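Colleague: First the structure, which I've put down as structure tokens, then a few questions once you've had a look.
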Amino acid sequence: MIDVKNLSKSFGHIHVLKNINEHIYPGEKVVIIGPSGSGKSTFLRCLNLLETPTEGTISFEGTVINDPKTDINAIRRQMGMVFQHFNLFPNMTIRKNITLAPVQTKRMGQEEADETALKLLERVGLKDKAEAYPNQLSGGQKQRIAIVRALAMKPKVMLFDEPTSALDPEMVGEVLDVMKELANEGMTMVVVTHEMGFAREVASRVLFMDGGNILEQNTPQEFFANPKEARTIEFLSKVL
Amino acid sequence: MDILNWFADFGDKLYQAFLFEDRWKLYLDGMGVTLGITLGAILISTVLGMVLCLMKLSKHAVLRGPAKAYIDIIRGIPVVVQLLIMYNVILLDVTDNKMVVAIIAFGLNSSAYMAEIYRSGINAVEKGQMEAGRSLGLTQAQTMWHIIFPQALKNCLPTYTSEFIVLVKETAVVGYIALVDLTKVYSSVQSMTYDAFGPLFIIAVAYFCITKVLAVIFAAMERRLCASDRR
């Protein structure tokens, strides 16, 4: 589904990603973990070209997305993204936040988009917030809305960039629950997170990144029970 | 008794400066000129400022360069000098309508400041907003229009208001090209009454009233725009 070949990314003289090759298959739930500065967020942001690779190619369903001739907007409409800091649009109601993209990209009419929004909001238990503004919501509510906003475009894959890192501890659960539900429905997901419990429970594959490389990857059972690399063992001993 | 005398004298001066021989009409005409120049100039600078701002934010150097140079030059020269250049050089053979000259001079001048006001408003919008819009498949233009601009507008409204008020007062130098604005009325009245205090007092109050009304209108607008900030 997403094919990454020889991906490198530098910011000036800093090499954040070093020649990464990876493939994400349909239906997979790939969880990426690793220390800060290991390049995991940058890797995720390259997948929908929020960061432009310095070298290498990224393909989505056979289309090279970092080819200047590719209509990146058309690709992004099929890839949802959830950010650490929610990035809801504060100048719009929740309903408008959710329906803006489907309507503006001509995916749906306003009416159909409204209906979709309400259905999705009901699923995450926030139907009564449709006419509220983002500033009136808690962090956990905002992040659930952000997930709904991405889902409204009916994406084929969802990218999560540390979706629970900016939340109060007691709100982490409600966001993870929505993500688990999404995983159970068969959504293809790539998740950068520090939630080891989520990785263990939901992931079909865990990638461990350090220093701009994918050092190790495995099924969650194997990964957490028998880490191979010294760096992985050291990392896990600190976070588990 | 000194105080009473002072008030009687003050009243008489005001009467001489304002009511006697319908002199209030002079102030009214002057105010019309002041407001006309200000409103014409703000219309130009609101639009041209936006164009300059977008040019300066562009990733193309051919657009960025001229905008940057324009803003630099305009900000580096006193507005009176620009007004005189406009009147005596650039528009000398184009028009002899002084109102038009003043509107263009102040409009072009204010545009440079407006561009920077808009730019600071846009830059103050979180980077994540653009990323969120783009990640949903919206184009750069769609994201700008629906997400960034409305937030930027709110950010720059207070400084926009200031610039508007500054503009009202800056037009007080149009006497240099012999336009009779509110400030210039002083000379006419003073030459009739031989009193400076009366007309100056009236003119000062008039300027204050204009700017106060503007401030009140824009404050109301700001409250409305901030509806989404309420918790």
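How things are named: the first chain in the structure tokens is A, the next is B, and so on; residues count from 1 in each chain; ligands count from 1 in the order shown.
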Each residue of chain B with at least one atom at most 8 Å from chain A should appear once, together with its nearest atom pair and the corresponding distance in Å (one decimal); atoms considered: only C-alpha atoms; ordering: chain, then increasing residue number; output as JSON lines.
Modeller:
{"residue": "B:Gly128", "atom": "CA", "partner": "A:Asn87", "partner_atom": "CA", "distance": 5.7}
{"residue": "B:Gln129", "atom": "CA", "partner": "A:Asn87", "partner_atom": "CA", "distance": 5.6}
{"residue": "B:Glu131", "atom": "CA", "partner": "A:Leu50", "partner_atom": "CA", "distance": 7.0}
{"residue": "B:Ala132", "atom": "CA", "partner": "A:Asn87", "partner_atom": "CA", "distance": 6.1}
{"residue": "B:Gly133", "atom": "CA", "partner": "A:Ala101", "partner_atom": "CA", "distance": 7.8}
{"residue": "B:Arg134", "atom": "CA", "partner": "A:Asn73", "partner_atom": "CA", "distance": 7.3}
{"residue": "B:Ser135", "atom": "CA", "partner": "A:Arg76", "partner_atom": "CA", "distance": 5.8}
{"residue": "B:Leu136", "atom": "CA", "partner": "A:Arg77", "partner_atom": "CA", "distance": 5.6}
{"residue": "B:Gly137", "atom": "CA", "partner": "A:Asn73", "partner_atom": "CA", "distance": 4.4}
{"residue": "B:Leu138", "atom": "CA", "partner": "A:Asn73", "partner_atom": "CA", "distance": 6.3}
{"residue": "B:Thr139", "atom": "CA", "partner": "A:Asn73", "partner_atom": "CA", "distance": 6.4}
{"residue": "B:Gln142", "atom": "CA", "partner": "A:Gln104", "partner_atom": "CA", "distance": 7.8}
{"residue": "B:Ile147", "atom": "CA", "partner": "A:Phe89", "partner_atom": "CA", "distance": 6.7}
{"residue": "B:Pro150", "atom": "CA", "partner": "A:Asn91", "partner_atom": "CA", "distance": 7.0}
{"residue": "B:Gln151", "atom": "CA", "partner": "A:Asn91", "partner_atom": "CA", "distance": 6.5}
{"residue": "B:Ser228", "atom": "CA", "partner": "A:Tyr133", "partner_atom": "CA", "distance": 5.8}
{"residue": "B:Asp229", "atom": "CA", "partner": "A:Asn135", "partner_atom": "CA", "distance": 6.2}
{"residue": "B:Arg230", "atom": "CA", "partner": "A:Asn135", "partner_atom": "CA", "distance": 7.2}
{"residue": "B:Arg231", "atom": "CA", "partner": "A:Gln136", "partner_atom": "CA", "distance": 4.7}
Colleague: Report the residues of segment 5-217 of chain A whose backbone DSSP state falls under strand (DSSP E or B), written as number ranges by chain.
Modeller: A: 5-11, 14-24, 29-33, 55-60, 63-64, 79-82, 157-161, 188-192, 205-210, 213-217
Colleague: Quick one: distance from atom CA of Val62 of chain B to atom CA of Asn109 of chain B in Å, one decimal?
Modeller: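 Calculated distance between atom CA of Val62 of chain B and atom CA of Asn109 of chain B is 21.8 Å.
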Colleague: So the first atom is atom CA of Thr42 of chain A and the second is atom CA of Pro220 of chain A; what is the distance between them in Å, to one decimal place?
Modeller: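 Going from atom CA of Thr42 of chain A over to atom CA of Pro220 of chain A covers 22.4 Å.
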Colleague: Would you pick out the contacts of segment 18-27 of chain B at 9 Å or less, using only C-alpha atoms, so that residues sharing its chain but fewer than 6 positions from it are not included, and give the list as number ranges by chain?
Modeller: B: 181-183, 185-186, 188-189, 198-199, 202-203, 206
Colleague: List the spatial neighbours of segment 97-104 of chain B as an NGL selection string - criterion: any atom at most 12 Å away, only C-alpha atoms, same-chain residues fewer than 4 positions off excluded.
Modeller: :B and (32-45 or 48 or 79-93 or 108-111 or 167-168 or 170-181)
Colleague: Would you list the contacts of Ile165 of chain B as a PDB file with C-alpha atoms, in the first residue's frame, taking every protein, DNA or RNA residue within 8 Å and counting only C-alpha atoms, but skipping same-chain residues closer than 2 positions in sequence?
Modeller:
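As written to disk, selection34.pdb reads:
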ATOM      1  CA  THR B 161      -7.386  49.524  14.031  1.00  0.00           C
ATOM      2  CA  SER B 162      -4.268  51.370  15.202  1.00  0.00           C
ATOM      3  CA  GLU B 163      -3.101  51.886  11.642  1.00  0.00           C
ATOM      4  CA  LEU B 167      -3.935  57.333   9.182  1.00  0.00           C
ATOM      5  CA  VAL B 168      -6.720  59.696  10.292  1.00  0.00           C
ATOM      6  CA  LYS B 169      -4.182  61.783  12.169  1.00  0.00           C
ATOM      7  CA  THR B 211     -10.736  58.151  16.254  1.00  0.00           C
ATOM      8  CA  LEU B 214     -13.408  54.109  14.906  1.00  0.00           C
ATOM      9  CA  ALA B 215     -12.002  52.442  17.994  1.00  0.00           C
TER      10      ALA B 215
END
Colleague: Segment 122-151 of chain B: which residues are helix (DSSP H, G or I) by DSSP, as a PyMOL selection string?
Modeller: chain B and resi 122-123+127-135+140-151
